[in-house]
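What's in start-v6.csv: CSV, C-alpha atoms
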```
chain,number,residue,atom,x,y,z
A,1,MET,CA,118.5,130.4,104.4
A,2,ASP,CA,115.9,127.7,105.1
A,3,MET,CA,118.0,124.9,106.6
A,4,ARG,CA,121.5,124.2,107.9
A,5,VAL,CA,123.1,120.8,107.5
A,6,ASP,CA,126.1,119.5,109.4
A,7,LYS,CA,129.2,119.1,107.3
A,8,ASN,CA,129.6,115.4,108.3
A,9,GLU,CA,126.0,114.7,107.3
A,10,TYR,CA,126.5,116.5,104.0
A,11,ALA,CA,129.5,114.3,103.3
A,12,LYS,CA,127.4,111.2,103.9
A,13,ALA,CA,124.1,112.3,102.4
A,14,LYS,CA,124.7,114.7,99.5
A,15,LYS,CA,121.8,113.3,97.6
A,16,ILE,CA,119.4,114.4,100.3
A,17,VAL,CA,120.8,118.0,100.2
A,18,LYS,CA,120.7,118.1,96.4
A,19,ALA,CA,117.1,116.9,96.5
A,20,LEU,CA,116.2,119.7,99.0
A,21,GLU,CA,117.8,122.3,96.8
A,22,LYS,CA,115.9,121.1,93.7
A,23,ARG,CA,112.7,121.7,95.7
A,24,GLY,CA,113.7,125.2,96.4
A,25,ILE,CA,115.1,124.8,99.9
A,26,GLU,CA,118.1,127.0,100.6
A,27,VAL,CA,120.7,124.9,102.4
A,28,GLU,CA,123.8,126.0,104.2
A,29,VAL,CA,126.6,123.5,105.1
A,30,VAL,CA,128.0,124.2,108.5
A,31,SER,CA,129.4,122.5,111.6
A,32,LEU,CA,126.4,122.0,113.9
A,33,PRO,CA,126.9,121.5,117.6
A,34,VAL,CA,124.2,118.9,117.7
A,35,GLY,CA,122.1,117.1,115.2
A,36,ASP,CA,122.3,116.7,111.4
A,37,TYR,CA,119.9,119.3,110.2
A,38,TYR,CA,118.7,122.6,111.8
A,39,VAL,CA,115.7,124.7,110.7
A,40,PRO,CA,116.0,128.2,112.2
A,41,GLY,CA,112.9,129.4,114.0
A,42,SER,CA,110.7,132.4,113.2
A,43,GLU,CA,108.9,134.8,115.4
A,44,ASN,CA,106.0,132.4,115.7
A,45,SER,CA,107.8,129.1,115.8
A,46,PRO,CA,111.0,127.8,117.5
A,47,GLY,CA,113.8,126.2,115.5
A,48,VAL,CA,114.0,122.4,115.0
A,49,ILE,CA,117.0,120.1,115.2
A,50,VAL,CA,116.8,116.9,113.2
A,51,GLU,CA,119.0,113.9,114.0
A,52,ARG,CA,118.8,111.5,111.0
A,53,LYS,CA,119.7,107.9,111.5
A,54,THR,CA,119.2,104.7,109.6
A,55,LEU,CA,117.9,101.9,111.7
A,56,LEU,CA,121.3,100.2,111.3
A,57,ASP,CA,123.0,103.4,112.6
A,58,LEU,CA,120.6,103.3,115.6
A,59,VAL,CA,121.4,99.7,116.4
A,60,ASN,CA,125.2,100.5,116.3
A,61,ALA,CA,124.7,103.5,118.5
A,62,ILE,CA,122.9,101.4,121.0
A,63,LYS,CA,125.5,98.6,120.9
A,64,GLU,CA,128.4,101.1,121.3
A,65,GLY,CA,126.7,103.1,124.1
A,66,ARG,CA,126.6,106.3,122.1
A,67,LEU,CA,122.8,106.7,121.8
A,68,MET,CA,122.2,108.0,125.3
A,69,SER,CA,124.7,110.8,125.1
A,70,GLN,CA,123.3,111.8,121.7
A,71,ILE,CA,119.7,111.9,123.1
A,72,VAL,CA,120.8,113.9,126.1
A,73,ARG,CA,122.5,116.5,123.9
A,74,LEU,CA,119.3,116.8,121.8
A,75,LYS,CA,117.2,117.1,124.9
A,76,GLU,CA,119.5,119.8,126.4
A,77,SER,CA,119.3,121.9,123.3
A,78,GLU,CA,117.1,125.0,123.6
A,79,GLU,CA,115.4,124.1,120.3
A,80,LYS,CA,112.9,121.4,119.5
A,81,ALA,CA,114.4,118.1,118.5
A,82,VAL,CA,113.3,115.3,116.2
A,83,LEU,CA,114.7,111.8,115.6
A,84,LEU,CA,114.3,111.0,111.9
A,85,LEU,CA,114.7,107.3,111.1
A,86,GLU,CA,115.5,105.9,107.7
A,87,GLY,CA,115.4,102.2,106.5
A,88,SER,CA,113.3,99.2,107.6
A,89,PHE,CA,113.1,96.7,110.4
A,90,TYR,CA,113.7,94.1,107.8
A,91,GLU,CA,117.2,95.4,107.3
A,92,VAL,CA,117.8,95.0,111.1
A,93,GLU,CA,116.6,91.4,111.0
A,94,LYS,CA,118.6,90.6,107.9
A,95,PHE,CA,122.0,92.3,108.7
A,96,THR,CA,122.2,92.2,112.5
A,97,LYS,CA,121.3,89.9,115.3
A,98,PHE,CA,120.0,92.7,117.4
A,99,PRO,CA,116.6,91.9,118.9
A,100,ILE,CA,113.7,93.9,117.5
A,101,ASN,CA,112.0,94.2,120.8
A,102,ALA,CA,115.1,95.9,122.3
A,103,LEU,CA,115.1,98.3,119.4
A,104,VAL,CA,111.4,99.1,119.8
A,105,ALA,CA,112.0,99.6,123.6
A,106,ALA,CA,114.7,102.1,122.8
A,107,LEU,CA,112.4,104.0,120.4
A,108,ARG,CA,109.7,104.0,123.1
A,109,ALA,CA,112.0,105.4,125.6
A,110,ILE,CA,113.1,108.2,123.2
A,111,ALA,CA,109.5,109.1,122.3
A,112,VAL,CA,107.9,108.7,125.7
A,113,SER,CA,110.5,109.1,128.4
A,114,TRP,CA,112.7,111.7,126.7
A,115,GLU,CA,109.8,113.3,124.8
A,116,ILE,CA,111.7,113.5,121.5
A,117,PRO,CA,109.4,112.8,118.5
A,118,VAL,CA,110.4,109.9,116.4
A,119,VAL,CA,109.6,110.1,112.7
A,120,GLY,CA,109.7,107.0,110.6
A,121,PRO,CA,111.4,104.8,109.6
A,122,LEU,CA,111.0,106.3,106.2
A,123,ARG,CA,112.2,105.1,102.8
A,124,LYS,CA,115.4,106.9,101.8
A,125,SER,CA,113.6,108.6,99.0
A,126,MET,CA,111.0,110.1,101.4
A,127,VAL,CA,113.5,111.8,103.7
A,128,PRO,CA,113.9,115.0,101.5
A,129,TYR,CA,110.1,115.3,101.5
A,130,PHE,CA,109.9,115.3,105.2
A,131,LEU,CA,112.7,117.8,105.6
A,132,GLU,CA,111.2,120.0,102.9
A,133,ASN,CA,107.8,120.0,104.7
A,134,LEU,CA,109.5,120.7,108.0
A,135,ALA,CA,111.5,123.6,106.6
A,136,LYS,CA,108.5,125.2,105.0
A,137,SER,CA,106.2,124.9,108.1
A,138,VAL,CA,108.8,126.2,110.5
A,139,ARG,CA,109.8,129.1,108.3
A,140,GLY,CA,106.2,130.1,107.7
A,141,LYS,CA,106.0,128.6,104.2
A,142,LYS,CA,103.5,125.9,105.1
A,143,LYS,CA,102.0,124.3,102.1
A,144,LYS,CA,98.3,124.7,101.6
A,145,PHE,CA,96.7,121.3,100.9
A,146,ALA,CA,93.6,121.0,98.7
A,147,LEU,CA,90.4,119.9,100.3
A,148,ARG,CA,90.0,117.4,97.5
A,149,PRO,CA,92.8,116.4,95.1
A,150,SER,CA,92.5,117.4,91.4
A,151,PRO,CA,91.7,114.5,89.0
A,152,PRO,CA,94.7,113.2,87.1
A,153,ARG,CA,95.2,114.8,83.7
A,154,GLU,CA,95.2,111.4,81.9
A,155,TRP,CA,91.6,110.8,82.9
A,156,SER,CA,88.9,111.0,80.2
A,157,VAL,CA,86.6,114.0,80.3
A,158,GLU,CA,83.7,111.8,81.3
A,159,ARG,CA,85.7,110.4,84.2
A,160,LYS,CA,86.6,113.9,85.4
A,161,VAL,CA,83.0,115.0,85.2
A,162,LEU,CA,81.9,112.0,87.3
A,163,TYR,CA,84.6,112.9,89.8
A,164,ILE,CA,83.3,116.4,90.1
A,165,ILE,CA,79.7,115.2,90.6
A,166,GLU,CA,80.8,112.7,93.2
A,167,GLY,CA,82.1,115.7,95.3
A,168,PHE,CA,78.5,117.0,95.9
A,169,PRO,CA,76.8,116.0,99.2
A,170,GLY,CA,75.2,112.6,99.2
A,171,ILE,CA,76.6,111.6,95.8
A,172,GLY,CA,78.9,108.6,95.3
A,173,PRO,CA,80.2,106.8,92.2
A,174,SER,CA,77.0,105.0,91.4
A,175,LYS,CA,74.7,108.0,91.8
A,176,SER,CA,77.1,110.2,89.8
A,177,ARG,CA,76.7,107.9,86.8
A,178,GLU,CA,72.9,108.0,87.2
A,179,ILE,CA,73.0,111.9,87.4
A,180,LEU,CA,75.2,112.1,84.2
A,181,LYS,CA,72.9,109.7,82.4
A,182,ARG,CA,69.8,111.7,83.4
A,183,PHE,CA,71.1,115.2,82.7
A,184,GLY,CA,73.6,114.4,79.9
A,185,SER,CA,76.1,117.1,81.0
A,186,LEU,CA,77.6,118.8,84.0
A,187,LYS,CA,76.1,122.1,83.0
A,188,ARG,CA,72.5,120.8,82.9
A,189,PHE,CA,73.1,119.2,86.3
A,190,VAL,CA,74.2,122.4,88.0
A,191,LEU,CA,71.3,124.3,86.5
A,192,ALA,CA,68.8,121.8,87.7
A,193,SER,CA,66.0,122.8,90.1
A,194,ILE,CA,65.5,121.2,93.6
A,195,GLU,CA,62.5,119.3,92.1
A,196,GLU,CA,64.6,117.9,89.3
A,197,LEU,CA,67.4,116.8,91.7
A,198,ALA,CA,64.9,115.3,94.1
A,199,SER,CA,63.4,113.2,91.3
A,200,LEU,CA,66.7,111.2,91.0
A,201,PRO,CA,66.7,107.7,92.6
A,202,GLY,CA,68.2,107.7,96.1
A,203,ILE,CA,68.6,111.5,96.4
A,204,GLY,CA,65.5,112.8,98.2
A,205,ARG,CA,64.4,116.4,98.7
A,206,LYS,CA,66.7,117.0,101.7
A,207,THR,CA,69.9,116.0,99.8
A,208,ALA,CA,68.6,117.8,96.7
A,209,ALA,CA,68.2,121.0,98.6
A,210,GLU,CA,71.7,120.7,100.0
A,211,ILE,CA,73.1,120.2,96.5
A,212,TYR,CA,71.2,123.1,95.2
A,213,GLU,CA,72.4,125.3,98.1
A,214,VAL,CA,76.1,124.3,97.4
A,215,ILE,CA,75.7,125.2,93.7
A,216,ASN,CA,73.8,128.5,94.2
A,217,ARG,CA,75.1,129.9,97.5
A,218,ARG,CA,76.7,133.3,97.0
A,219,PHE,CA,79.9,134.2,98.7
A,220,GLY,CA,81.6,137.5,99.1
A,221,LYS,CA,80.1,140.9,98.2
A,222,GLU,CA,76.5,140.8,97.1
A,223,GLU,CA,75.4,142.4,93.9
A,224,GLU,CA,74.0,145.9,94.3
```
What is this file in structure tokens?
Amino acid sequence: MDMRVDKNEYAKAKKIVKALEKRGIEVEVVSLPVGDYYVPGSENSPGVIVERKTLLDLVNAIKEGRLMSQIVRLKESEEKAVLLLEGSFYEVEKFTKFPINALVAALRAIAVSWEIPVVGPLRKSMVPYFLENLAKSVRGKKKKFALRPSPPREWSVERKVLYIIEGFPGIGPSKSREILKRFGSLKRFVLASIEELASLPGIGRKTAAEIYEVINRRFGKEEE
């Protein structure tokens, strides 16, 4: 089980739970003593309670005097707590007469005075992504991010080759085109000598040596 969701939250936000389950997050619907979502901790990480509110919910909680008691309950919990906001300030301005500066002051107090992290406001569609990332990081399933994104599949082969060349030290979009024009292929580029690389306009021997080292550096076990 990766995450627990409060039964009242589930009744209001079934789409969020369904989106999490589609992403492989195992969710259990229970009655939580505090918060809307709870990610159990692991040996190396404490659990996390998430209180999800739309900005309109937050405004109503402030008006009705409920916010302070909710924040106190979050703070008194033995787990970490996060306030996850959904919506936009435009909605507050459009549908309420609540002053934005008072709302910002409340958020400042929550984040600074009460030391409860505030995330958002996020678009509704982004909420499951945050909860998924949180669940995976707390439960030891932290996603590994690529150092450099892969090129989109719909790109042409030439554009993909240029993108690869741009990843080398000191090479940008304009230089990558010059390199491809000079060598004619990615293979000929990676097989080039330092002298051949240094002869390219704007490269220089230092950058050429760096590129050559990146291409030819051996990693792992050396050949016997």
Select, from A:Ile164, A:Pro46, A:Arg52, A:Arg159, the residue with the minimum atom-to-atom distance to A:Tyr10, counting only C-alpha atoms.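 The closest residue to A:Tyr10 is A:Arg52.
In terms of minimum interatomic distance to A:Arg182, A:Leu197 ranks closest within A:Arg66, A:Arg23, A:Leu197, A:Val161, counting all atoms listed in the file.
Near A:Gln70, within 10 Å and counting only C-alpha atoms, sit Val34, Gly35, Glu51, Ala61, Gly65, Arg66, Leu67, Met68, Val72, Arg73, Leu74 and Lys75 of chain A; same-chain residues fewer than 2 positions away were not included.
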Using all atoms listed in the file: which of A:Thr96, A:Gly167, A:Lys63, A:Val27 has the shortest distance to A:Lys14: A:Val27
To one decimal place, how far is atom CA of A:Lys12 from atom CA of A:Leu32 in Å?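 Pair atom CA of A:Lys12 / atom CA of A:Leu32 returns 14.8 Å.
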One decimal, Å: what's the distance from atom CA of A:Tyr163 over to atom CA of A:Ser176, could you say? 8.0 Å
Leaving out stretch 188-196 of chain A and any residue of its chain fewer than 2 positions from it, which residues lie within 9 Å of it when counting all atoms listed in the file, given as JSON, numbers by chain? {"A": [165, 179, 180, 182, 183, 184, 185, 186, 198, 199, 200, 205, 208, 209, 210, 211, 212, 215, 216]}
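Checking A:Lys187, A:Ser137, A:Leu56, A:Leu85 one by one against A:Phe98, counting only C-alpha atoms, you find the shortest gap at A:Leu56.
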Hey, what's within 10 Å of A:Glu78 if we count only C-alpha atoms and toss same-chain stuff fewer than 6 positions away? As a compact mmCIF listing (two decimals) with C-alpha atoms, in the frame of the given file, please?
```txt
# COMPACT_ATOMS: atom_id res chain seq x y z
CA PRO A 46 111.00 127.80 117.50
CA GLY A 47 113.80 126.20 115.50
CA VAL A 48 114.00 122.40 115.00
CA ILE A 49 117.00 120.10 115.20
```
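Nearest residue to A:Ile25, choosing from A:Ile62, A:Ala135, A:Val82, A:Ile110 and counting all atoms listed in the file: A:Ala135.
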Residues within 7 Å of stretch 86-90 of chain A, please, as a count of residues only. Count all atoms listed in the file; anything in the same chain fewer than 2 positions from it doesn't count. 12
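Atom CA of A:Ala106 to atom CA of A:Glu91 spans 17.1 Å [interatomic distance, one decimal].
Minimum atom-to-atom distances from A:Ile171, A:Ile116, A:Ala11, A:Met126 to A:Val29 were compared using only C-alpha atoms, and the lowest value belongs to A:Ala11.
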Distance query A:Arg4 at most 7 Å, all atoms listed in the file, self and fewer than 6 positions along chain excluded, as a PyMOL selection string: chain A and resi 27-30+37-39
